[in-house]
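Structure file final.csv (CSV, C-alpha atoms) follows.
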chain,number,residue,atom,x,y,z
A,1,MET,CA,16.0,16.0,-13.8
A,2,GLU,CA,13.4,18.4,-15.3
A,3,LYS,CA,15.5,18.7,-18.5
A,4,TYR,CA,14.7,15.2,-19.5
A,5,SER,CA,11.9,14.0,-21.7
A,6,ARG,CA,9.2,11.6,-20.5
A,7,ASP,CA,11.0,8.6,-22.2
A,8,GLU,CA,14.3,9.6,-20.8
A,9,LEU,CA,12.8,9.9,-17.3
A,10,ILE,CA,11.4,6.4,-17.6
A,11,SER,CA,14.8,5.1,-18.7
A,12,ILE,CA,16.4,6.8,-15.7
A,13,ALA,CA,13.8,5.2,-13.4
A,14,LYS,CA,14.7,1.8,-14.9
A,15,TYR,CA,18.4,2.4,-14.4
A,16,ALA,CA,17.8,3.6,-10.9
A,17,GLU,CA,15.8,0.5,-10.0
A,18,GLN,CA,18.5,-1.8,-11.3
A,19,ALA,CA,21.1,0.2,-9.3
A,20,GLU,CA,18.8,0.2,-6.3
A,21,ARG,CA,18.9,4.0,-6.2
A,22,TYR,CA,15.2,4.4,-5.3
A,23,ASP,CA,15.4,8.1,-4.3
A,24,ASP,CA,16.4,8.8,-7.9
A,25,MET,CA,13.7,6.5,-9.2
A,26,GLN,CA,11.2,8.3,-7.1
A,27,GLU,CA,12.3,11.7,-8.3
A,28,ALA,CA,12.1,10.6,-12.0
A,29,MET,CA,8.6,9.1,-11.6
A,30,CYS,CA,7.3,12.2,-9.8
A,31,LEU,CA,8.1,14.2,-12.9
A,32,VAL,CA,6.5,11.6,-15.1
A,33,VAL,CA,3.3,11.8,-13.1
A,34,LYS,CA,3.1,15.5,-13.8
A,35,GLN,CA,3.5,15.0,-17.5
A,36,GLY,CA,0.3,13.0,-18.2
A,37,LYS,CA,-1.6,9.8,-17.5
A,38,LEU,CA,0.6,6.8,-16.5
A,39,THR,CA,0.6,3.5,-18.3
A,40,PRO,CA,0.3,0.3,-16.1
A,41,GLU,CA,4.1,-0.2,-16.4
A,42,GLU,CA,4.7,3.4,-15.3
A,43,ARG,CA,2.4,3.2,-12.3
A,44,ASN,CA,4.2,0.1,-11.2
A,45,PHE,CA,7.5,2.0,-11.4
A,46,LEU,CA,6.0,4.8,-9.2
A,47,SER,CA,4.8,2.2,-6.7
A,48,VAL,CA,8.2,0.4,-6.6
A,49,ALA,CA,10.0,3.6,-6.1
A,50,TYR,CA,8.0,4.8,-3.1
A,51,LYS,CA,7.7,1.3,-1.7
A,52,ASN,CA,11.4,1.0,-1.4
A,53,VAL,CA,12.1,4.6,-0.3
A,54,VAL,CA,9.5,4.4,2.5
A,55,GLY,CA,10.1,0.7,3.1
A,56,ALA,CA,13.7,1.4,4.2
A,57,ARG,CA,12.4,3.9,6.7
A,58,ARG,CA,9.7,1.6,8.0
A,59,SER,CA,12.3,-1.2,8.6
A,60,ALA,CA,14.7,1.3,10.3
A,61,TRP,CA,11.9,2.5,12.5
A,62,ARG,CA,11.0,-1.0,13.6
A,63,VAL,CA,14.6,-1.8,14.5
A,64,LEU,CA,14.9,1.5,16.5
A,65,GLN,CA,11.5,0.8,18.2
A,66,SER,CA,12.8,-2.6,19.3
A,67,LEU,CA,16.0,-1.1,20.6
A,68,GLU,CA,14.1,1.6,22.5
A,69,SER,CA,11.9,-1.0,24.2
A,70,LYS,CA,15.0,-2.6,25.7
A,71,GLY,CA,16.1,0.6,27.4
A,72,GLY,CA,19.8,1.5,28.0
A,73,SER,CA,22.1,4.4,28.9
A,74,SER,CA,21.7,6.2,25.6
A,75,GLU,CA,17.9,6.2,25.6
A,76,GLU,CA,17.5,9.9,24.9
A,77,LEU,CA,20.0,9.7,22.0
A,78,LEU,CA,18.1,6.8,20.5
A,79,LYS,CA,14.7,8.6,20.9
A,80,GLY,CA,16.2,11.5,19.0
A,81,TYR,CA,17.4,9.4,16.2
A,82,LYS,CA,14.1,7.5,16.0
A,83,ALA,CA,12.3,10.8,15.7
A,84,LYS,CA,14.6,11.7,12.8
A,85,VAL,CA,13.6,8.5,11.0
A,86,GLU,CA,9.9,9.2,11.8
A,87,GLU,CA,10.1,12.6,10.2
A,88,GLU,CA,11.7,11.2,7.0
A,89,LEU,CA,9.0,8.5,6.8
A,90,LYS,CA,6.2,11.0,7.3
A,91,LYS,CA,7.7,13.3,4.7
A,92,HIS,CA,7.9,10.7,2.0
A,93,CYS,CA,4.5,9.3,2.8
A,94,ASN,CA,2.8,12.8,2.7
A,95,GLU,CA,4.7,13.6,-0.5
A,96,VAL,CA,3.3,10.6,-2.4
A,97,ILE,CA,-0.2,11.1,-0.9
A,98,ALA,CA,-0.2,14.7,-2.2
A,99,LEU,CA,1.2,13.6,-5.5
A,100,LEU,CA,-1.6,11.1,-6.0
A,101,GLN,CA,-4.3,13.4,-4.8
A,102,ASP,CA,-3.3,16.4,-6.8
A,103,ASN,CA,-2.2,14.8,-10.0
A,104,ILE,CA,-4.1,11.5,-10.3
A,105,ILE,CA,-7.1,10.9,-8.1
A,106,THR,CA,-8.7,14.3,-8.9
A,107,ASN,CA,-7.6,14.1,-12.6
A,108,ASP,CA,-10.3,13.6,-15.1
A,109,ASP,CA,-8.0,11.5,-17.3
A,110,TYR,CA,-8.2,8.7,-14.7
A,111,LYS,CA,-11.9,9.0,-13.7
A,112,SER,CA,-13.1,6.4,-16.3
A,113,ASP,CA,-10.2,4.0,-15.6
A,114,ASP,CA,-11.4,1.9,-12.7
A,115,GLU,CA,-8.3,-0.2,-12.5
A,116,ALA,CA,-6.0,2.8,-12.3
A,117,MET,CA,-8.3,4.5,-9.7
A,118,VAL,CA,-8.3,1.4,-7.6
A,119,PHE,CA,-4.6,1.0,-7.8
A,120,PHE,CA,-3.9,4.6,-6.8
A,121,LEU,CA,-6.6,4.8,-4.0
A,122,LYS,CA,-5.0,1.6,-2.6
A,123,MET,CA,-1.6,3.4,-2.7
A,124,LYS,CA,-3.1,6.4,-0.9
A,125,GLY,CA,-4.6,4.1,1.8
A,126,ASP,CA,-1.2,2.3,2.1
A,127,TYR,CA,0.8,5.4,2.8
A,128,TYR,CA,-1.8,6.7,5.3
A,129,ARG,CA,-1.4,3.3,7.0
A,130,TYR,CA,2.3,3.5,7.1
A,131,ILE,CA,2.1,6.9,8.9
A,132,THR,CA,-0.5,5.4,11.3
A,133,GLU,CA,2.0,2.7,12.3
A,134,ILE,CA,4.2,5.2,14.0
A,135,LEU,CA,1.6,7.4,15.7
A,136,ARG,CA,-0.4,7.2,18.9
A,137,ASP,CA,-3.7,8.3,20.3
A,138,ASP,CA,-5.8,10.9,18.5
A,139,GLU,CA,-3.3,11.5,15.7
A,140,ARG,CA,-3.2,7.8,15.1
A,141,LYS,CA,-7.0,7.7,14.8
A,142,GLU,CA,-7.0,10.6,12.4
A,143,TYR,CA,-4.6,8.9,10.0
A,144,ALA,CA,-6.3,5.5,10.4
A,145,ASP,CA,-9.6,7.1,9.4
A,146,LEU,CA,-7.9,8.6,6.3
A,147,ALA,CA,-6.5,5.2,5.3
A,148,ASP,CA,-9.9,3.6,5.9
A,149,GLU,CA,-11.6,6.2,3.7
A,150,ALA,CA,-9.2,5.6,0.8
A,151,TYR,CA,-9.4,1.9,1.0
A,152,LYS,CA,-13.3,2.0,1.2
A,153,GLU,CA,-13.4,4.2,-1.9
A,154,ALA,CA,-11.2,1.8,-3.8
A,155,VAL,CA,-13.3,-1.2,-2.7
A,156,GLU,CA,-16.5,0.6,-3.9
A,157,ILE,CA,-15.0,1.2,-7.3
A,158,ALA,CA,-13.5,-2.3,-7.7
A,159,SER,CA,-16.7,-4.1,-6.6
A,160,SER,CA,-19.1,-2.1,-8.8
A,161,GLU,CA,-21.5,-4.3,-10.6
A,162,GLU,CA,-22.6,-1.6,-13.1
A,163,GLU,CA,-22.1,-2.7,-16.7
A,164,GLY,CA,-18.5,-1.9,-17.9
A,165,LYS,CA,-17.5,-0.9,-14.4
A,166,GLY,CA,-15.6,-2.5,-11.5
A,167,LEU,CA,-12.8,-5.1,-11.7
A,168,PRO,CA,-12.9,-8.9,-12.0
A,169,LYS,CA,-12.8,-10.8,-8.7
A,170,THR,CA,-9.6,-12.4,-10.0
A,171,SER,CA,-7.9,-9.1,-10.8
A,172,PRO,CA,-4.5,-8.8,-9.1
A,173,VAL,CA,-5.2,-5.1,-8.5
A,174,ARG,CA,-8.5,-5.9,-6.7
A,175,LEU,CA,-7.0,-8.8,-4.8
A,176,GLY,CA,-4.0,-6.6,-3.8
A,177,LEU,CA,-6.4,-4.0,-2.5
A,178,ILE,CA,-8.2,-6.6,-0.3
A,179,LEU,CA,-4.9,-8.0,0.9
A,180,ASN,CA,-3.7,-4.6,2.2
A,181,TYR,CA,-7.1,-3.6,3.5
A,182,SER,CA,-7.4,-6.7,5.5
A,183,VAL,CA,-3.9,-6.2,6.9
A,184,PHE,CA,-5.0,-2.7,7.8
A,185,TYR,CA,-8.0,-4.1,9.8
A,186,TYR,CA,-5.8,-6.7,11.5
A,187,GLU,CA,-2.7,-4.6,12.3
A,188,ILE,CA,-4.0,-1.1,12.7
A,189,MET,CA,-7.6,-1.5,13.8
A,190,GLY,CA,-7.2,-4.7,15.7
A,191,LYS,CA,-10.3,-6.1,14.2
A,192,VAL,CA,-9.3,-9.7,13.5
A,193,LYS,CA,-12.8,-11.0,12.5
A,194,VAL,CA,-13.3,-8.2,10.0
A,195,ALA,CA,-9.9,-8.8,8.5
A,196,CYS,CA,-10.6,-12.6,8.2
A,197,ASP,CA,-14.0,-12.1,6.7
A,198,LEU,CA,-12.7,-9.6,4.2
A,199,ALA,CA,-9.8,-11.8,3.1
A,200,LYS,CA,-11.9,-15.0,3.1
A,201,LYS,CA,-14.6,-13.5,0.9
A,202,ALA,CA,-12.1,-12.2,-1.6
A,203,PHE,CA,-10.2,-15.5,-1.6
A,204,ASP,CA,-13.3,-17.7,-2.1
A,205,ASN,CA,-14.8,-15.4,-4.8
A,206,ALA,CA,-11.5,-15.4,-6.8
A,207,VAL,CA,-11.0,-19.2,-6.5
A,208,ALA,CA,-14.6,-19.7,-7.8
A,209,GLU,CA,-13.7,-17.8,-10.9
A,210,LEU,CA,-10.1,-19.1,-11.6
A,211,ASP,CA,-11.2,-20.6,-14.9
A,212,SER,CA,-12.1,-17.2,-16.3
A,213,MET,CA,-8.8,-15.5,-15.1
A,214,LYS,CA,-6.9,-13.8,-17.8
A,215,GLU,CA,-3.6,-15.6,-18.5
A,216,GLU,CA,-1.5,-12.5,-18.1
A,217,ASN,CA,-2.9,-12.1,-14.6
A,218,TYR,CA,-2.4,-15.7,-13.4
A,219,LYS,CA,1.0,-15.3,-11.8
A,220,ASP,CA,0.3,-12.1,-9.9
A,221,SER,CA,-3.2,-13.2,-8.8
A,222,THR,CA,-2.2,-16.6,-7.6
A,223,LEU,CA,0.7,-15.1,-5.6
A,224,ILE,CA,-1.7,-12.7,-3.9
A,225,LEU,CA,-4.2,-15.5,-3.3
A,226,GLN,CA,-1.4,-17.4,-1.5
A,227,LEU,CA,-0.7,-14.4,0.7
A,228,LEU,CA,-4.4,-14.1,1.5
A,229,ARG,CA,-4.5,-17.8,2.5
A,230,ASP,CA,-1.3,-17.5,4.6
A,231,ASN,CA,-2.8,-14.5,6.5
A,232,LEU,CA,-6.1,-16.3,7.0
A,233,THR,CA,-4.3,-19.4,8.4
A,234,LEU,CA,-2.3,-17.2,10.8
A,235,TRP,CA,-5.2,-14.9,11.8
A,236,THR,CA,-7.8,-17.7,12.3
A,237,SER,CA,-5.4,-19.7,14.5
A,238,GLU,CA,-4.9,-16.6,16.7
A,239,GLN,CA,-8.6,-16.0,16.8
A,240,ASP,CA,-9.2,-19.6,17.8
A,241,GLU,CA,-6.6,-19.3,20.6
A,242,GLN,CA,-8.2,-16.1,21.9
A,243,ASP,CA,-11.7,-17.7,21.8
A,244,THR,CA,-10.3,-20.7,23.9
A,245,GLU,CA,-8.8,-18.3,26.4
A,246,ASP,CA,-12.1,-16.4,26.7
A,247,ALA,CA,-13.9,-19.7,27.2
A,248,ASP,CA,-11.5,-20.6,30.0
Write out the structure in this file as C-alpha cells.
Amino acid sequence: MEKYSRDELISIAKYAEQAERYDDMQEAMCLVVKQGKLTPEERNFLSVAYKNVVGARRSAWRVLQSLESKGGSSEELLKGYKAKVEEELKKHCNEVIALLQDNIITNDDYKSDDEAMVFFLKMKGDYYRYITEILRDDERKEYADLADEAYKEAVEIASSEEEGKGLPKTSPVRLGLILNYSVFYYEIMGKVKVACDLAKKAFDNAVAELDSMKEENYKDSTLILQLLRDNLTLWTSEQDEQDTEDAD
C-alpha cells in the first residue's frame, strides 16, 4: 500500500471498513499515521481498525478459554490453538502500542493538542489492558502497571485546570477515558470501589454541566454517560451483595 497517497489510503480505509476487511484498514491507517498528524476523523479510523482486528482475537480467546475450562479429550490441542490466538492478540496490541508511542505520543505535533493526546494515551492504556487480560502472575502485573500508567497520564492531561488546557467534563474523549479506566480498575485490578468512585465522579460532573455541552458532542457523550450509569448500577449492586455477605 505504500504507493498510495494519503488521500488514497484514507479512501482505502473507508472501503475496507465498509467491506469489514479490518486488517486492510489497519494497514492503510498505519501508513497514514507515519505521514503526519491525524485529523479527528483519521484517528477514529485508526481506532476502529485496531478495535476490530484485536476485538476478533479477544472474542476468540474468550470462547477458547471457556472451552478449555470444561476439559475434554483434546485438551492439549485446544491449549495449543488458544496459544496461537494469544500470540496474534499480543502481536497486534504491541504493534499499535509501538505505533502510538513512536509516531504520536512522543511527536511534538501532538504535544499541544490535549484532546488528541488523551485519545491516544487512552488507546495505549486499552491495548496494554487487552494484553493483561490473557496473562497471569508477574507478567500480568507488569502489563497492568503499564496500562495504569498510560491511563493516569491521560487523566492528568484531561483534567488539567490550567487556562487553555484540559478537556471539558462533558467531552466524549474525556468520558470515554474514564469509562475504560474504571473498567480497568473493575476487571483487571479487582478494585470495585475505586472503579465506582471514578465512574460516579465523572458521571456527576458531566451531568452538572450538560447545559454547556457542545451540540456536536451530545450524542457521543450521552451514550458514554449511559454506559457509565449501567456499569455503576451493576457494580454497586455487586458491592452491596458483597458487603451483605461480609456482614453475615
Inset, instruction - Do a neighbour search on Ala28 of chain A at 9 Å with only C-alpha atoms, toss out local chain neighbours closer than 5 positions, and write the hits as a PyMOL selection string. - result: chain A and resi 1-2+9-10+12-13+23+33+46
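Here the question is which of A:Ile188, A:Val85, A:Ala116, A:Ile224 gets nearest to Arg136 of chain A using all atoms listed in the file, and that residue is A:Ile188.
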Inset, instruction - Take the point (-8.6, -14.3, -0.5) in the file's coordinates, draw a sphere of radius 10 Å around it, and report as a ChimeraX atom specification every protein, DNA or RNA residue with an atom inside or on it, counting all atoms listed in the file. - result: /A:169-170,175-176,178-179,182,196-207,221-222,224-232
Generate the output file for the selected residues, C-alpha atoms, as a CSV table (one decimal), in the frame of the given file.
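Final output, saved to selection-v3.csv:
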chain,number,residue,atom,x,y,z
A,169,LYS,CA,-12.8,-10.8,-8.7
A,170,THR,CA,-9.6,-12.4,-10.0
A,175,LEU,CA,-7.0,-8.8,-4.8
A,176,GLY,CA,-4.0,-6.6,-3.8
A,178,ILE,CA,-8.2,-6.6,-0.3
A,179,LEU,CA,-4.9,-8.0,0.9
A,182,SER,CA,-7.4,-6.7,5.5
A,196,CYS,CA,-10.6,-12.6,8.2
A,197,ASP,CA,-14.0,-12.1,6.7
A,198,LEU,CA,-12.7,-9.6,4.2
A,199,ALA,CA,-9.8,-11.8,3.1
A,200,LYS,CA,-11.9,-15.0,3.1
A,201,LYS,CA,-14.6,-13.5,0.9
A,202,ALA,CA,-12.1,-12.2,-1.6
A,203,PHE,CA,-10.2,-15.5,-1.6
A,204,ASP,CA,-13.3,-17.7,-2.1
A,205,ASN,CA,-14.8,-15.4,-4.8
A,206,ALA,CA,-11.5,-15.4,-6.8
A,207,VAL,CA,-11.0,-19.2,-6.5
A,221,SER,CA,-3.2,-13.2,-8.8
A,222,THR,CA,-2.2,-16.6,-7.6
A,224,ILE,CA,-1.7,-12.7,-3.9
A,225,LEU,CA,-4.2,-15.5,-3.3
A,226,GLN,CA,-1.4,-17.4,-1.5
A,227,LEU,CA,-0.7,-14.4,0.7
A,228,LEU,CA,-4.4,-14.1,1.5
A,229,ARG,CA,-4.5,-17.8,2.5
A,230,ASP,CA,-1.3,-17.5,4.6
A,231,ASN,CA,-2.8,-14.5,6.5
A,232,LEU,CA,-6.1,-16.3,7.0
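Those residues positioned at most 9 Å from (-8.3, 4.1, 2.8) are Leu121, Lys122, Met123, Lys124, Gly125, Asp126, Tyr128, Arg129, Ala144, Asp145, Leu146, Ala147, Asp148, Glu149, Ala150, Tyr151, Lys152, Glu153, Ala154 and Tyr181 of chain A, judged using all atoms listed in the file.
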Lys165 of chain A environment, 12 Å, only C-alpha atoms, sequence neighbours closer than 3 positions dropped, as a PDB file with C-alpha atoms, in the frame of the given file:
ATOM      1  CA  LYS A 111     -11.900   9.000 -13.700  1.00  0.00           C
ATOM      2  CA  SER A 112     -13.100   6.400 -16.300  1.00  0.00           C
ATOM      3  CA  ASP A 113     -10.200   4.000 -15.600  1.00  0.00           C
ATOM      4  CA  ASP A 114     -11.400   1.900 -12.700  1.00  0.00           C
ATOM      5  CA  GLU A 115      -8.300  -0.200 -12.500  1.00  0.00           C
ATOM      6  CA  MET A 117      -8.300   4.500  -9.700  1.00  0.00           C
ATOM      7  CA  VAL A 118      -8.300   1.400  -7.600  1.00  0.00           C
ATOM      8  CA  GLU A 156     -16.500   0.600  -3.900  1.00  0.00           C
ATOM      9  CA  ILE A 157     -15.000   1.200  -7.300  1.00  0.00           C
ATOM     10  CA  ALA A 158     -13.500  -2.300  -7.700  1.00  0.00           C
ATOM     11  CA  SER A 159     -16.700  -4.100  -6.600  1.00  0.00           C
ATOM     12  CA  SER A 160     -19.100  -2.100  -8.800  1.00  0.00           C
ATOM     13  CA  GLU A 161     -21.500  -4.300 -10.600  1.00  0.00           C
ATOM     14  CA  GLU A 162     -22.600  -1.600 -13.100  1.00  0.00           C
ATOM     15  CA  PRO A 168     -12.900  -8.900 -12.000  1.00  0.00           C
TER      16      PRO A 168
END
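Nearest to Ala49 of chain A of all the residues A:Ala16, A:Leu64, A:Met213, A:Ala208 is A:Ala16, counting all atoms listed in the file.
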Inset, instruction - Enter the distance from atom CA of Gln65 of chain A to atom CA of Lys84 of chain A, in Å, rounded to one decimal. - result: 12.6 Å
Inset, instruction - Rank nothing, just name the residue among A:Arg62, A:Arg6, A:Lys34, A:Arg174 nearest to Asn103 of chain A, using all atoms listed in the file. - result: A:Lys34
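Atom CA of Glu187 of chain A to atom CA of Leu78 of chain A spans 25.1 Å [interatomic distance, one decimal].
For the pair atom CA of Glu8 of chain A and atom CA of Leu99 of chain A, the interatomic distance is 20.5 Å.
In this comparison, which uses all atoms listed in the file, the residue of A:Met189, A:Val194, A:Val173, A:Met29 approaching Leu100 of chain A most closely is A:Met29.
Using all atoms listed in the file, the shortest contact distance between Lys37 of chain A and any of A:Glu87, A:Asp109, A:Glu17, A:Glu142 is found at A:Asp109.
Shortest atom-to-atom contact with Ala98 of chain A among A:Tyr127, A:Glu20, A:Val192, A:Trp235: A:Tyr127, counting only C-alpha atoms.
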